[in-house]
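I have placed the structure first, in the form of structure tokens, so that the comments after it can refer back to it.
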Amino acid sequence: MITRYESPIVEVVCRVIVPFVQVFALYVITHGHYGPGGGFQGGVILAASFLLLRLCLGGELAHQKLPPRLAIALGAFGVLLYGLTGLVPMMAGGQYLDYGHLPIPGVSGAELRYVGILIVEIGIAFGVLGIMVGIFDNLVERQS
Amino acid sequence: MIWQIDFYLLVILIITAVVALEIRDLLASVALLTGYSFFMALLFAQMGSVDVAFTEAALGAGVTGVFLVCALFFLERRSAD
């Protein structure tokens with residue numbers, strides 16, 4: 001059985017650094033269409049923050065922050081969000097992932113495409129976050 | 001573009017790659033592989049492709065190291081060949 005190495009320095013540094021990492025990940029996700037970044041990179045950074053919590057705080061505490069089942073559910077929800085954003089414009093008369101045909105009331109044109117890209121990026125971020133944390137949980141679970 | 005930075009980054013990249021392949025200690029090999037990813041990200045950023053460098057730094061130098069260290073617990077620490 002592999003357990004964590006109890007050290008107050010590691011724990012305090014982890015607790016201080018994790019909120020900043022998560023805020024930076026949200027910035028990368030929502031800023032992805034203007035500059036470098038996007039759903040995949042932001043999701044990986046978000047997953048890395050949760051992996052840091054799992055490494056530093058140990059299983060019981062970190063599983064309260066993000067339970068393994070919730071991580072898998074988030075991954076599935078991200079894939080579902082991506083697929084629905086692709087399929088809904090097809091029902092409204094467009095092509096697959098044609099954001100201009102999304103039936104959102106009140107917005108149209110370039111703004112509608114902006115909202116569509118943002119929804120797809122959030123879906124990708126959720127999917128990557130869930131799968132990364134799921135792989136780590138599966139690896140750790142099998143060796144204990 | 002400064003060719004001296006490019007040249008020394010490439011030299012360090014090749015050295016980390018060869019040492020990561022040749023070393024017997026698998027934990028040191030994983031550490032060198034993450035170092036390789038980081039220098040690859042620096043090279044990508046220096047060549048102007050910031051998006052690829054971002055992905056390489058977040059995924060190759062961050063999460064892959066954690067996964068490989070976790071996978072190392074299933075194996076012997078010293079490689080046989």
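Please note that chains go A, B, ... in the order of the structure tokens, that every chain numbers its residues from 1, and that ligands are numbered from 1 in the order shown.
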
Quick one: everything within 12 Å of A:Gln143, counting only C-alpha atoms, minus sequence neighbours fewer than 5 positions away in the same chain. Send it as an mmCIF file with N, CA, C and O atoms, in the first residue's frame.
```cif
data_model
loop_
_atom_site.group_PDB
_atom_site.id
_atom_site.type_symbol
_atom_site.label_atom_id
_atom_site.label_comp_id
_atom_site.auth_asym_id
_atom_site.auth_seq_id
_atom_site.Cartn_x
_atom_site.Cartn_y
_atom_site.Cartn_z
ATOM 1 N N MET A 1 0.853 -1.198 0.000
ATOM 2 C CA MET A 1 0.000 0.000 0.000
ATOM 3 C C MET A 1 0.879 1.234 0.000
ATOM 4 O O MET A 1 1.753 1.393 0.832
ATOM 5 N N ILE A 2 0.643 2.101 -0.935
ATOM 6 C CA ILE A 2 1.427 3.326 -1.042
ATOM 7 C C ILE A 2 0.612 4.470 -0.463
ATOM 8 O O ILE A 2 -0.516 4.713 -0.885
ATOM 9 N N THR A 3 1.166 5.149 0.532
ATOM 10 C CA THR A 3 0.466 6.287 1.119
ATOM 11 C C THR A 3 1.278 7.547 0.889
ATOM 12 O O THR A 3 2.395 7.497 0.406
ATOM 13 N N PHE A 136 -5.984 8.458 -13.754
ATOM 14 C CA PHE A 136 -5.169 8.453 -12.531
ATOM 15 C C PHE A 136 -5.820 7.605 -11.440
ATOM 16 O O PHE A 136 -5.150 6.803 -10.780
ATOM 17 N N ASP A 137 -7.143 7.775 -11.255
ATOM 18 C CA ASP A 137 -7.824 6.995 -10.219
ATOM 19 C C ASP A 137 -7.748 5.504 -10.506
ATOM 20 O O ASP A 137 -7.546 4.698 -9.596
ATOM 21 N N ASN A 138 -7.886 5.146 -11.782
ATOM 22 C CA ASN A 138 -7.834 3.737 -12.144
ATOM 23 C C ASN A 138 -6.448 3.155 -11.871
ATOM 24 O O ASN A 138 -6.312 2.049 -11.334
ATOM 25 N N CYS B 70 3.066 6.767 -11.767
ATOM 26 C CA CYS B 70 2.071 5.830 -11.244
ATOM 27 C C CYS B 70 2.230 4.457 -11.888
ATOM 28 O O CYS B 70 2.104 3.431 -11.223
ATOM 29 N N ALA B 71 2.494 4.424 -13.196
ATOM 30 C CA ALA B 71 2.664 3.144 -13.884
ATOM 31 C C ALA B 71 3.936 2.452 -13.436
ATOM 32 O O ALA B 71 4.045 1.221 -13.529
ATOM 33 N N LEU B 72 4.901 3.216 -12.912
ATOM 34 C CA LEU B 72 6.179 2.642 -12.493
ATOM 35 C C LEU B 72 6.018 1.732 -11.285
ATOM 36 O O LEU B 72 6.845 0.837 -11.069
ATOM 37 N N PHE B 73 4.935 1.935 -10.491
ATOM 38 C CA PHE B 73 4.753 1.106 -9.300
ATOM 39 C C PHE B 73 4.392 -0.328 -9.662
ATOM 40 O O PHE B 73 4.461 -1.214 -8.820
ATOM 41 N N PHE B 74 3.981 -0.577 -10.920
ATOM 42 C CA PHE B 74 3.708 -1.949 -11.342
ATOM 43 C C PHE B 74 4.981 -2.667 -11.761
ATOM 44 O O PHE B 74 4.971 -3.873 -11.961
ATOM 45 N N LEU B 75 6.085 -1.922 -11.940
ATOM 46 C CA LEU B 75 7.285 -2.495 -12.552
ATOM 47 C C LEU B 75 8.421 -2.543 -11.537
ATOM 48 O O LEU B 75 8.326 -2.042 -10.426
#
```

Would you return as a PyMOL selection string the members of stretch 8-139 of chain A that DSSP assigns to alpha helix (DSSP H) on this structure's backbone? chain A and resi 8-30+39-57+59-65+68-91+110-139

Could you list, as a VMD selection string, every residue of chain B that has an atom within 12 Å of an atom of chain A, counting only C-alpha atoms? chain B and resid 45 48 to 75

Preceding selection exported with N, CA and C atoms as an mmCIF file, in the first residue's frame:
```
data_model
loop_
_atom_site.group_PDB
_atom_site.id
_atom_site.type_symbol
_atom_site.label_atom_id
_atom_site.label_comp_id
_atom_site.auth_asym_id
_atom_site.auth_seq_id
_atom_site.Cartn_x
_atom_site.Cartn_y
_atom_site.Cartn_z
ATOM 1 N N ALA B 45 7.915 27.074 -28.668
ATOM 2 C CA ALA B 45 7.619 28.484 -28.413
ATOM 3 C C ALA B 45 8.606 29.383 -29.125
ATOM 4 N N GLY B 48 7.716 29.908 -32.615
ATOM 5 C CA GLY B 48 6.563 30.753 -32.863
ATOM 6 C C GLY B 48 5.217 30.072 -32.776
ATOM 7 N N SER B 49 5.174 28.767 -32.516
ATOM 8 C CA SER B 49 3.886 28.079 -32.397
ATOM 9 C C SER B 49 3.541 27.940 -30.925
ATOM 10 N N VAL B 50 2.908 29.003 -30.390
ATOM 11 C CA VAL B 50 2.667 29.065 -28.950
ATOM 12 C C VAL B 50 1.638 28.031 -28.515
ATOM 13 N N ASP B 51 0.678 27.737 -29.395
ATOM 14 C CA ASP B 51 -0.395 26.813 -29.016
ATOM 15 C C ASP B 51 0.147 25.399 -28.792
ATOM 16 N N VAL B 52 1.003 24.956 -29.711
ATOM 17 C CA VAL B 52 1.598 23.622 -29.579
ATOM 18 C C VAL B 52 2.498 23.570 -28.352
ATOM 19 N N ALA B 53 3.245 24.665 -28.123
ATOM 20 C CA ALA B 53 4.125 24.711 -26.956
ATOM 21 C C ALA B 53 3.319 24.634 -25.665
ATOM 22 N N PHE B 54 2.173 25.296 -25.656
ATOM 23 C CA PHE B 54 1.286 25.275 -24.483
ATOM 24 C C PHE B 54 0.827 23.842 -24.204
ATOM 25 N N THR B 55 0.374 23.159 -25.258
ATOM 26 C CA THR B 55 -0.085 21.783 -25.087
ATOM 27 C C THR B 55 1.045 20.884 -24.602
ATOM 28 N N GLU B 56 2.231 21.049 -25.195
ATOM 29 C CA GLU B 56 3.359 20.202 -24.823
ATOM 30 C C GLU B 56 3.758 20.437 -23.372
ATOM 31 N N ALA B 57 3.750 21.715 -22.939
ATOM 32 C CA ALA B 57 4.151 22.011 -21.564
ATOM 33 C C ALA B 57 3.125 21.495 -20.573
ATOM 34 N N ALA B 58 1.825 21.626 -20.899
ATOM 35 C CA ALA B 58 0.802 21.195 -19.943
ATOM 36 C C ALA B 58 0.692 19.682 -19.898
ATOM 37 N N LEU B 59 0.730 19.045 -21.061
ATOM 38 C CA LEU B 59 0.480 17.602 -21.126
ATOM 39 C C LEU B 59 1.776 16.815 -20.965
ATOM 40 N N GLY B 60 2.800 17.153 -21.769
ATOM 41 C CA GLY B 60 4.019 16.349 -21.738
ATOM 42 C C GLY B 60 4.830 16.532 -20.478
ATOM 43 N N ALA B 61 4.950 17.784 -20.023
ATOM 44 C CA ALA B 61 5.790 18.027 -18.857
ATOM 45 C C ALA B 61 5.012 17.945 -17.563
ATOM 46 N N GLY B 62 3.660 17.904 -17.620
ATOM 47 C CA GLY B 62 2.887 17.900 -16.392
ATOM 48 C C GLY B 62 2.230 16.572 -16.095
ATOM 49 N N VAL B 63 1.207 16.240 -16.892
ATOM 50 C CA VAL B 63 0.337 15.114 -16.543
ATOM 51 C C VAL B 63 0.987 13.778 -16.893
ATOM 52 N N THR B 64 1.749 13.750 -18.014
ATOM 53 C CA THR B 64 2.350 12.482 -18.424
ATOM 54 C C THR B 64 3.348 11.969 -17.386
ATOM 55 N N GLY B 65 4.075 12.902 -16.736
ATOM 56 C CA GLY B 65 5.015 12.480 -15.696
ATOM 57 C C GLY B 65 4.310 11.799 -14.538
ATOM 58 N N VAL B 66 3.155 12.362 -14.133
ATOM 59 C CA VAL B 66 2.389 11.750 -13.037
ATOM 60 C C VAL B 66 1.927 10.353 -13.431
ATOM 61 N N PHE B 67 1.406 10.208 -14.663
ATOM 62 C CA PHE B 67 0.907 8.906 -15.105
ATOM 63 C C PHE B 67 2.040 7.886 -15.183
ATOM 64 N N LEU B 68 3.216 8.318 -15.697
ATOM 65 C CA LEU B 68 4.325 7.366 -15.844
ATOM 66 C C LEU B 68 4.863 6.944 -14.483
ATOM 67 N N VAL B 69 4.913 7.892 -13.515
ATOM 68 C CA VAL B 69 5.377 7.512 -12.177
ATOM 69 C C VAL B 69 4.391 6.547 -11.537
ATOM 70 N N CYS B 70 3.066 6.767 -11.767
ATOM 71 C CA CYS B 70 2.071 5.830 -11.244
ATOM 72 C C CYS B 70 2.230 4.457 -11.888
ATOM 73 N N ALA B 71 2.494 4.424 -13.196
ATOM 74 C CA ALA B 71 2.664 3.144 -13.884
ATOM 75 C C ALA B 71 3.936 2.452 -13.436
ATOM 76 N N LEU B 72 4.901 3.216 -12.912
ATOM 77 C CA LEU B 72 6.179 2.642 -12.493
ATOM 78 C C LEU B 72 6.018 1.732 -11.285
ATOM 79 N N PHE B 73 4.935 1.935 -10.491
ATOM 80 C CA PHE B 73 4.753 1.106 -9.300
ATOM 81 C C PHE B 73 4.392 -0.328 -9.662
ATOM 82 N N PHE B 74 3.981 -0.577 -10.920
ATOM 83 C CA PHE B 74 3.708 -1.949 -11.342
ATOM 84 C C PHE B 74 4.981 -2.667 -11.761
ATOM 85 N N LEU B 75 6.085 -1.922 -11.940
ATOM 86 C CA LEU B 75 7.285 -2.495 -12.552
ATOM 87 C C LEU B 75 8.421 -2.543 -11.537
#
```

Determine the nearest neighbour of B:Met47 from the options B:Gly35, B:Ala20, B:Ile12, B:Ile5, counting only C-alpha atoms.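 Nearest to B:Met47: B:Ile5.
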
Extract, using only C-alpha atoms, all DNA, RNA and protein residues at most 12 Å from B:Val11, discarding same-chain residues fewer than 6 positions from it, and format them as a list in words.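 Contacts, with the query itself left out: Gln4, Ile5, Ala17, Val18, Tyr36, Phe39, Met40 and Leu43 of chain B.
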
Please produce a file of the residues just selected, as an mmCIF file, in the first residue's frame, where the atoms kept are N, CA and C atoms.
```
data_model
loop_
_atom_site.group_PDB
_atom_site.id
_atom_site.type_symbol
_atom_site.label_atom_id
_atom_site.label_comp_id
_atom_site.auth_asym_id
_atom_site.auth_seq_id
_atom_site.Cartn_x
_atom_site.Cartn_y
_atom_site.Cartn_z
ATOM 1 N N GLN B 4 21.675 30.995 -31.533
ATOM 2 C CA GLN B 4 22.424 30.387 -30.430
ATOM 3 C C GLN B 4 21.477 29.675 -29.457
ATOM 4 N N ILE B 5 20.360 30.360 -29.110
ATOM 5 C CA ILE B 5 19.384 29.735 -28.203
ATOM 6 C C ILE B 5 18.829 28.459 -28.825
ATOM 7 N N ALA B 17 17.220 13.170 -24.528
ATOM 8 C CA ALA B 17 16.583 12.026 -25.183
ATOM 9 C C ALA B 17 17.483 10.798 -25.118
ATOM 10 N N VAL B 18 18.791 10.969 -25.426
ATOM 11 C CA VAL B 18 19.689 9.816 -25.436
ATOM 12 C C VAL B 18 19.871 9.262 -24.028
ATOM 13 N N TYR B 36 12.691 16.386 -21.309
ATOM 14 C CA TYR B 36 12.675 16.411 -22.776
ATOM 15 C C TYR B 36 11.439 17.141 -23.290
ATOM 16 N N PHE B 39 11.847 20.936 -22.801
ATOM 17 C CA PHE B 39 12.720 21.585 -23.785
ATOM 18 C C PHE B 39 12.076 21.587 -25.170
ATOM 19 N N MET B 40 11.289 20.547 -25.461
ATOM 20 C CA MET B 40 10.540 20.538 -26.718
ATOM 21 C C MET B 40 9.548 21.691 -26.748
ATOM 22 N N LEU B 43 11.369 24.851 -27.456
ATOM 23 C CA LEU B 43 11.710 24.948 -28.874
ATOM 24 C C LEU B 43 10.500 25.353 -29.712
#
```

Might you pull out every residue within 12 Å of stretch 106-116 of chain A, with only C-alpha atoms counted and same-chain residues fewer than 4 positions away left off, and present them as a ChimeraX atom specification? /A:30-34,81-82,84-86,88-89,97-102,120-123

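When atom CA of A:Cys56 is paired with atom CA of A:Glu11, their separation reads 6.0 Å.
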